[in-house]
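Q: Data: run-v6.pdb, PDB, C-alpha atoms and all ligand atoms.
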```pdb
ATOM      1  CA  MET A   1      23.580 125.992 324.860
ATOM      2  CA  ASN A   2      27.120 124.687 324.575
ATOM      3  CA  ASN A   3      26.852 121.763 326.958
ATOM      4  CA  ALA A   4      28.998 118.919 325.606
ATOM      5  CA  GLY A   5      32.043 118.200 327.706
ATOM      6  CA  ILE A   6      34.310 115.428 328.909
ATOM      7  CA  ALA A   7      36.483 114.829 331.959
ATOM      8  CA  GLY A   8      38.967 112.193 332.955
ATOM      9  CA  PRO A   9      40.602 109.815 333.191
ATOM     10  CA  PHE A  10      40.446 110.423 336.902
ATOM     11  CA  PRO A  11      42.823 111.237 338.497
ATOM     12  CA  SER A  12      44.948 113.150 335.963
ATOM     13  CA  THR A  13      47.503 115.430 337.539
ATOM     14  CA  PHE A  14      49.604 117.818 335.487
ATOM     15  CA  GLU A  15      52.415 115.248 335.830
ATOM     16  CA  SER A  16      50.409 112.211 334.721
ATOM     17  CA  GLU A  17      48.270 113.907 332.060
ATOM     18  CA  THR A  18      49.382 112.994 328.542
ATOM     19  CA  VAL A  19      49.520 115.486 325.688
ATOM     20  CA  GLU A  20      46.905 113.389 323.869
ATOM     21  CA  GLN A  21      44.491 113.582 326.830
ATOM     22  CA  TRP A  22      45.163 117.292 327.213
ATOM     23  CA  GLN A  23      44.456 117.965 323.538
ATOM     24  CA  ARG A  24      41.315 115.813 323.497
ATOM     25  CA  ILE A  25      39.800 117.541 326.520
ATOM     26  CA  LEU A  26      40.630 121.033 325.284
ATOM     27  CA  SER A  27      39.417 120.166 321.809
ATOM     28  CA  ILE A  28      35.958 119.121 323.025
ATOM     29  CA  ASN A  29      35.532 121.412 326.017
ATOM     30  CA  VAL A  30      37.057 124.595 324.610
ATOM     31  CA  GLN A  31      37.132 124.291 320.826
ATOM     32  CA  GLY A  32      33.587 122.908 320.957
ATOM     33  CA  VAL A  33      32.409 126.050 322.744
ATOM     34  CA  PHE A  34      34.400 128.252 320.359
ATOM     35  CA  LEU A  35      32.732 126.619 317.345
ATOM     36  CA  GLY A  36      29.322 126.772 319.000
ATOM     37  CA  CYS A  37      29.708 130.524 319.462
ATOM     38  CA  LYS A  38      31.401 131.194 316.126
ATOM     39  CA  HIS A  39      28.610 129.520 314.180
ATOM     40  CA  GLY A  40      25.836 130.107 316.688
ATOM     41  CA  VAL A  41      26.094 133.894 316.811
ATOM     42  CA  PRO A  42      25.297 134.480 313.100
ATOM     43  CA  ALA A  43      22.425 132.001 313.289
ATOM     44  CA  ILE A  44      21.006 133.624 316.415
ATOM     45  CA  ARG A  45      21.393 137.114 314.930
ATOM     46  CA  GLY A  46      19.610 135.922 311.814
ATOM     47  CA  SER A  47      16.649 134.860 313.896
ATOM     48  CA  GLY A  48      16.375 138.222 315.660
ATOM     49  CA  GLY A  49      18.658 137.736 318.664
ATOM     50  CA  GLY A  50      18.974 135.504 321.666
ATOM     51  CA  SER A  51      21.163 134.098 324.364
ATOM     52  CA  ILE A  52      24.085 131.667 324.463
ATOM     53  CA  VAL A  53      24.898 129.664 327.576
ATOM     54  CA  ASN A  54      28.287 127.975 327.879
ATOM     55  CA  LEU A  55      28.707 125.165 330.386
ATOM     56  CA  SER A  56      31.806 125.812 332.439
ATOM     57  CA  SER A  57      32.280 124.459 335.966
ATOM     58  CA  LEU A  58      33.129 125.308 339.535
ATOM     59  CA  ALA A  59      36.535 124.056 338.354
ATOM     60  CA  ALA A  60      36.994 127.406 336.567
ATOM     61  CA  PHE A  61      37.493 129.084 339.958
ATOM     62  CA  LEU A  62      39.651 126.523 341.783
ATOM     63  CA  GLY A  63      42.761 124.475 341.359
ATOM     64  CA  THR A  64      41.855 120.966 340.175
ATOM     65  CA  PRO A  65      44.938 118.875 340.887
ATOM     66  CA  ASP A  66      43.247 115.597 339.906
ATOM     67  CA  LEU A  67      41.640 117.003 336.761
ATOM     68  CA  SER A  68      44.334 119.219 335.326
ATOM     69  CA  ALA A  69      43.223 119.537 331.683
ATOM     70  CA  TYR A  70      39.558 119.678 332.666
ATOM     71  CA  GLY A  71      40.129 122.603 335.039
ATOM     72  CA  ALA A  72      42.156 124.453 332.404
ATOM     73  CA  SER A  73      39.424 123.879 329.830
ATOM     74  CA  LYS A  74      36.681 125.242 332.084
ATOM     75  CA  GLY A  75      38.765 128.295 332.976
ATOM     76  CA  ALA A  76      39.073 128.948 329.244
ATOM     77  CA  VAL A  77      35.310 128.627 328.753
ATOM     78  CA  ARG A  78      34.691 131.133 331.540
ATOM     79  CA  GLN A  79      37.030 133.691 329.976
ATOM     80  CA  PHE A  80      35.975 133.108 326.371
ATOM     81  CA  THR A  81      32.319 133.598 327.340
ATOM     82  CA  LYS A  82      33.113 137.149 328.424
ATOM     83  CA  THR A  83      34.944 137.819 325.160
ATOM     84  CA  VAL A  84      31.922 136.740 323.111
ATOM     85  CA  ALA A  85      29.547 138.689 325.365
ATOM     86  CA  ILE A  86      31.474 141.953 325.104
ATOM     87  CA  ASP A  87      32.212 141.629 321.400
ATOM     88  CA  CYS A  88      28.532 141.001 320.615
ATOM     89  CA  ALA A  89      27.354 143.817 322.891
ATOM     90  CA  ARG A  90      29.771 146.376 321.462
ATOM     91  CA  LYS A  91      28.835 145.455 317.910
ATOM     92  CA  GLY A  92      25.176 145.913 318.712
ATOM     93  CA  TYR A  93      24.338 142.263 318.126
ATOM     94  CA  LYS A  94      21.308 141.190 320.075
ATOM     95  CA  VAL A  95      23.152 138.159 321.418
ATOM     96  CA  ARG A  96      23.955 137.666 325.096
ATOM     97  CA  CYS A  97      26.487 135.119 326.331
ATOM     98  CA  ASN A  98      26.935 133.798 329.874
ATOM     99  CA  SER A  99      28.596 130.853 331.573
ATOM    100  CA  VAL A 100      27.106 128.410 334.064
ATOM    101  CA  HIS A 101      29.278 126.807 336.729
ATOM    102  CA  PRO A 102      27.886 123.654 338.314
ATOM    103  CA  GLY A 103      29.370 122.152 341.439
ATOM    104  CA  VAL A 104      29.127 118.385 341.787
ATOM    105  CA  ILE A 105      26.141 116.897 339.960
ATOM    106  CA  LEU A 106      25.605 113.143 339.890
ATOM    107  CA  THR A 107      25.350 112.697 336.126
ATOM    108  CA  PRO A 108      27.465 109.985 334.453
ATOM    109  CA  MET A 109      30.345 112.489 334.475
ATOM    110  CA  GLY A 110      29.942 113.228 338.185
ATOM    111  CA  GLU A 111      29.703 109.537 339.002
ATOM    112  CA  GLY A 112      32.867 108.877 336.988
ATOM    113  CA  ILE A 113      34.766 111.318 339.157
ATOM    114  CA  LEU A 114      33.278 109.815 342.346
ATOM    115  CA  PRO A 115      33.343 106.077 341.663
ATOM    116  CA  SER A 116      32.805 104.778 345.218
ATOM    117  CA  ASP A 117      30.372 105.462 348.088
ATOM    118  CA  LYS A 118      33.359 106.446 350.196
ATOM    119  CA  ALA A 119      34.535 109.034 347.647
ATOM    120  CA  ARG A 120      31.005 110.449 347.393
ATOM    121  CA  GLU A 121      30.617 110.740 351.137
ATOM    122  CA  ARG A 122      33.948 112.503 351.382
ATOM    123  CA  MET A 123      32.923 114.972 348.670
ATOM    124  CA  ARG A 124      29.443 115.509 350.127
ATOM    125  CA  LYS A 125      31.018 116.840 353.322
ATOM    126  CA  HIS A 126      32.555 119.676 351.278
ATOM    127  CA  ILE A 127      29.173 120.877 350.018
ATOM    128  CA  PRO A 128      27.738 123.454 352.453
ATOM    129  CA  ILE A 129      24.143 122.584 351.503
ATOM    130  CA  GLY A 130      25.013 118.970 352.319
ATOM    131  CA  GLU A 131      23.853 117.248 349.160
ATOM    132  CA  PHE A 132      24.776 116.827 345.531
ATOM    133  CA  GLY A 133      23.042 118.891 342.887
ATOM    134  CA  ALA A 134      20.577 117.450 340.396
ATOM    135  CA  PRO A 135      20.602 118.172 336.651
ATOM    136  CA  GLU A 136      17.383 120.174 337.173
ATOM    137  CA  ASP A 137      19.213 122.579 339.492
ATOM    138  CA  ILE A 138      21.443 123.509 336.569
ATOM    139  CA  ALA A 139      18.607 123.499 334.055
ATOM    140  CA  TYR A 140      16.645 126.128 336.028
ATOM    141  CA  GLY A 141      19.655 128.456 336.008
ATOM    142  CA  ILE A 142      19.996 127.984 332.264
ATOM    143  CA  LEU A 143      16.278 128.614 331.866
ATOM    144  CA  TYR A 144      16.752 132.028 333.457
ATOM    145  CA  LEU A 145      19.729 132.871 331.239
ATOM    146  CA  ILE A 146      17.944 131.939 328.018
ATOM    147  CA  SER A 147      14.755 133.769 329.004
ATOM    148  CA  ASP A 148      13.961 137.420 328.360
ATOM    149  CA  GLU A 149      13.907 137.932 332.146
ATOM    150  CA  SER A 150      17.726 137.990 331.958
ATOM    151  CA  ARG A 151      17.796 140.539 329.110
ATOM    152  CA  PHE A 152      20.305 142.775 330.990
ATOM    153  CA  VAL A 153      22.636 139.886 331.878
ATOM    154  CA  THR A 154      25.658 139.208 329.694
ATOM    155  CA  GLY A 155      29.274 138.198 330.242
ATOM    156  CA  THR A 156      28.604 136.916 333.717
ATOM    157  CA  GLU A 157      28.938 133.668 335.663
ATOM    158  CA  LEU A 158      26.146 131.770 337.318
ATOM    159  CA  VAL A 159      27.569 129.432 339.965
ATOM    160  CA  ILE A 160      25.183 126.638 341.030
ATOM    161  CA  ASP A 161      27.123 124.597 343.543
ATOM    162  CA  GLY A 162      25.405 124.293 346.921
ATOM    163  CA  GLY A 163      27.752 126.939 348.318
ATOM    164  CA  MET A 164      31.105 125.311 347.559
ATOM    165  CA  ASN A 165      32.595 128.380 345.875
ATOM    166  CA  ALA A 166      31.766 130.555 348.874
ATOM    167  CA  ILE A 167      34.078 128.742 351.310
TER     168      ILE A 167
HETATM  169  N1  LIG A 201      28.401 116.578 336.390
HETATM  170  C1  LIG A 201      29.086 117.519 337.015
HETATM  171  O1  LIG A 201      29.346 117.414 338.228
HETATM  172  C2  LIG A 201      29.531 118.753 336.284
HETATM  173  C3  LIG A 201      30.111 119.777 337.033
HETATM  174  C4  LIG A 201      30.527 120.933 336.392
HETATM  175  C5  LIG A 201      30.363 121.064 335.028
HETATM  176  N2  LIG A 201      29.811 120.055 334.304
HETATM  177  C6  LIG A 201      29.687 120.256 332.853
HETATM  178  O2  LIG A 201      28.351 120.065 332.450
HETATM  179  C7  LIG A 201      28.318 119.642 331.078
HETATM  180  C8  LIG A 201      27.441 118.426 330.991
HETATM  181  O3  LIG A 201      28.073 117.390 331.734
HETATM  182  P1  LIG A 201      27.302 116.151 332.362
HETATM  183  O4  LIG A 201      27.592 116.112 333.798
HETATM  184  O5  LIG A 201      25.883 116.130 331.897
HETATM  185  O6  LIG A 201      28.173 115.011 331.691
HETATM  186  P2  LIG A 201      27.744 113.714 330.910
HETATM  187  O7  LIG A 201      29.009 112.959 330.671
HETATM  188  O8  LIG A 201      26.637 113.054 331.609
HETATM  189  O9  LIG A 201      27.204 114.326 329.554
HETATM  190  C9  LIG A 201      28.072 114.964 328.662
HETATM  191  C10 LIG A 201      27.418 114.975 327.295
HETATM  192  O10 LIG A 201      28.325 115.538 326.355
HETATM  193  C11 LIG A 201      28.279 114.768 325.178
HETATM  194  N3  LIG A 201      29.535 114.874 324.459
HETATM  195  C12 LIG A 201      30.782 114.592 324.911
HETATM  196  N4  LIG A 201      31.683 114.760 323.929
HETATM  197  C13 LIG A 201      31.000 115.168 322.826
HETATM  198  C14 LIG A 201      31.380 115.515 321.495
HETATM  199  N5  LIG A 201      32.652 115.476 321.099
HETATM  200  N6  LIG A 201      30.423 115.887 320.622
HETATM  201  C15 LIG A 201      29.127 115.928 321.027
HETATM  202  N7  LIG A 201      28.698 115.608 322.265
HETATM  203  C16 LIG A 201      29.638 115.235 323.145
HETATM  204  C17 LIG A 201      28.036 113.354 325.677
HETATM  205  O11 LIG A 201      27.506 112.548 324.641
HETATM  206  C18 LIG A 201      27.047 113.576 326.797
HETATM  207  O12 LIG A 201      25.727 113.602 326.331
HETATM  208  C19 LIG A 201      29.786 119.395 330.680
HETATM  209  O13 LIG A 201      30.276 120.495 329.961
HETATM  210  C20 LIG A 201      30.490 119.278 332.032
HETATM  211  O14 LIG A 201      31.848 119.595 331.961
HETATM  212  C21 LIG A 201      29.388 118.912 334.896
END
```
Do you think you could lay out the structure here as structure tokens?
Ligand SMILES: NC(=O)c1ccc[n+]([C@@H]2O[C@H](COP(=O)([O-])OP(=O)(O)OC[C@H]3O[C@@H](n4cnc5c(N)ncnc54)[C@H](O)[C@@H]3O)[C@@H](O)[C@H]2O)c1

A:
Amino acid sequence: MNNAGIAGPFPSTFESETVEQWQRILSINVQGVFLGCKHGVPAIRGSGGGSIVNLSSLAAFLGTPDLSAYGASKGAVRQFTKTVAIDCARKGYKVRCNSVHPGVILTPMGEGILPSDKARERMRKHIPIGEFGAPEDIAYGILYLISDESRFVTGTELVIDGGMNAI
């Protein structure tokens, strides 16, 4: 499970984003996932096989004008996940790799992006299900992807977002 990630400062448009911010976000969000896979795959193979889950975001599918580096980083995680999945499958490694794409979840990161009640209410109206997700909503999706019940699932994207990506 490659979960670690950062976002912000919010807002950061492509015009206001600094090179230092850009590099920091891509270093943690993308290079972190790269290293997790690079070193995780041999370890998982050595233990008989298994499943990697990379935390991407709904941001991988949409423009994110106020989170420019973050959106780019999550798009990279989405694509890189497929590369690892296909490479492992073709080489006969018993390692699956999938990405999970949360919508808006009120963790410390989510709260940082929605600092006021007004901002939250505005965002809530964009969620078809009408409420924010909880960390458990994401955890249950991950549980499926790391279980043997998903043995035929690799290189795909599990979006858990209350319907936002469908509109
Ligand atoms: N909260 C959301 O709405 C949301 C939406 C989409 C995707 N995500 C993704 O879900 C994942 C988890 O986010 P969260 O909402 O729990 O955020 P969070 O800020 O609550 O937690 C992020 C975690 O990553 C760790 N971390 C950050 N940088 C690290 C580093 N360099 N080395 C080791 N650990 C580091 C932090 O210590 C923290 O425990 C992230 O990849 C995030 O991008 C979150």

Q: Can you list, as a ChimeraX atom specification, every protein, DNA or RNA residue that comes within 10 Å of range 112-129 of chain A when you count all atoms listed in the file, leaving out same-chain residues fewer than 3 positions away?

A: /A:7-11,66-67,103-104,106-109,132-133,161-167

Q: List all protein, DNA and RNA residues that have at least one atom no more than 10 Å from any atom of ligand LIG 201 (chain A), counting only C-alpha atoms and all ligand atoms, and write them as JSON, numbers by chain.

A: {"A": [2, 3, 4, 5, 6, 7, 24, 25, 27, 28, 29, 30, 31, 32, 33, 54, 55, 56, 57, 58, 59, 60, 70, 71, 73, 74, 77, 100, 101, 102, 103, 104, 105, 106, 107, 108, 109, 110, 111, 112, 113, 114, 132, 133, 134, 135, 138, 159, 160, 161]}

Q: Find the distance between CA of Asp148 in chain A and CA of Cys97 in chain A and write it in Å to one decimal.

A: 12.9 Å

Q: Using all atoms listed in the file, which residue out of A:Ala69, A:Leu35, A:Leu62, A:Ala139 lies closest to Trp22 in chain A?

A: A:Ala69

Q: Can you find the residues with an atom no farther than 9 Å from (24.5, 139.6, 326.9), counting only C-alpha atoms, and report them as a PyMOL selection string?

A: chain A and resi 50-52+84-86+88-89+94-98+150-156

Q: Under the rule that all atoms listed in the file are counted, which of A:Ser99, A:Ser12, A:Ser47, A:Thr18 is the nearest residue to Ile146 in chain A?

A: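 Selected residue with least distance to Ile146 in chain A: A:Ser99.
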
Q: Residues within 8 Å of Phe14 in chain A, please, as a PyMOL selection string. Count only C-alpha atoms; anything in the same chain fewer than 3 positions from it doesn't count.

A: chain A and resi 17+65+68-69

Q: Mind filling out range 119-145 of chain A with N, CA and C atoms and sending it as a CSV table (one decimal), keeping the file's coordinate frame?

A:
```
chain,number,residue,atom,x,y,z
A,119,ALA,N,34.1,107.8,348.3
A,119,ALA,CA,34.5,109.0,347.6
A,119,ALA,C,33.4,110.0,347.6
A,120,ARG,N,32.2,109.5,347.4
A,120,ARG,CA,31.0,110.4,347.4
A,120,ARG,C,30.8,111.1,348.8
A,121,GLU,N,30.9,110.2,349.8
A,121,GLU,CA,30.6,110.7,351.1
A,121,GLU,C,31.6,111.8,351.5
A,122,ARG,N,32.9,111.5,351.1
A,122,ARG,CA,33.9,112.5,351.4
A,122,ARG,C,33.7,113.8,350.7
A,123,MET,N,33.2,113.8,349.4
A,123,MET,CA,32.9,115.0,348.7
A,123,MET,C,31.7,115.7,349.2
A,124,ARG,N,30.7,114.9,349.6
A,124,ARG,CA,29.4,115.5,350.1
A,124,ARG,C,29.7,116.4,351.3
A,125,LYS,N,30.7,116.0,352.1
A,125,LYS,CA,31.0,116.8,353.3
A,125,LYS,C,31.6,118.2,353.0
A,126,HIS,N,32.0,118.4,351.7
A,126,HIS,CA,32.6,119.7,351.3
A,126,HIS,C,31.5,120.6,350.7
A,127,ILE,N,30.3,120.1,350.6
A,127,ILE,CA,29.2,120.9,350.0
A,127,ILE,C,28.4,121.5,351.2
A,128,PRO,N,28.4,122.8,351.3
A,128,PRO,CA,27.7,123.5,352.5
A,128,PRO,C,26.3,123.1,352.6
A,129,ILE,N,25.6,123.0,351.4
A,129,ILE,CA,24.1,122.6,351.5
A,129,ILE,C,24.0,121.1,351.9
A,130,GLY,N,25.0,120.3,351.8
A,130,GLY,CA,25.0,119.0,352.3
A,130,GLY,C,24.5,117.9,351.4
A,131,GLU,N,24.3,118.3,350.1
A,131,GLU,CA,23.9,117.2,349.2
A,131,GLU,C,24.3,117.6,347.8
A,132,PHE,N,24.4,116.6,346.9
A,132,PHE,CA,24.8,116.8,345.5
A,132,PHE,C,23.7,117.5,344.8
A,133,GLY,N,24.0,118.2,343.7
A,133,GLY,CA,23.0,118.9,342.9
A,133,GLY,C,22.4,117.9,341.9
A,134,ALA,N,21.3,118.3,341.4
A,134,ALA,CA,20.6,117.4,340.4
A,134,ALA,C,20.7,118.2,339.1
A,135,PRO,N,20.6,117.5,337.9
A,135,PRO,CA,20.6,118.2,336.7
A,135,PRO,C,19.6,119.3,336.6
A,136,GLU,N,18.4,119.1,337.2
A,136,GLU,CA,17.4,120.2,337.2
A,136,GLU,C,17.9,121.5,337.8
A,137,ASP,N,18.7,121.4,338.8
A,137,ASP,CA,19.2,122.6,339.5
A,137,ASP,C,20.0,123.4,338.5
A,138,ILE,N,20.7,122.8,337.6
A,138,ILE,CA,21.4,123.5,336.6
A,138,ILE,C,20.5,124.0,335.5
A,139,ALA,N,19.5,123.1,335.1
A,139,ALA,CA,18.6,123.5,334.1
A,139,ALA,C,17.8,124.8,334.4
A,140,TYR,N,17.4,124.9,335.7
A,140,TYR,CA,16.6,126.1,336.0
A,140,TYR,C,17.5,127.4,335.9
A,141,GLY,N,18.8,127.3,336.2
A,141,GLY,CA,19.7,128.5,336.0
A,141,GLY,C,19.8,128.8,334.5
A,142,ILE,N,19.9,127.8,333.7
A,142,ILE,CA,20.0,128.0,332.3
A,142,ILE,C,18.7,128.6,331.7
A,143,LEU,N,17.6,128.1,332.3
A,143,LEU,CA,16.3,128.6,331.9
A,143,LEU,C,16.2,130.1,332.1
A,144,TYR,N,16.7,130.6,333.2
A,144,TYR,CA,16.8,132.0,333.5
A,144,TYR,C,17.6,132.7,332.4
A,145,LEU,N,18.8,132.2,332.1
A,145,LEU,CA,19.7,132.9,331.2
A,145,LEU,C,19.3,132.9,329.8
```
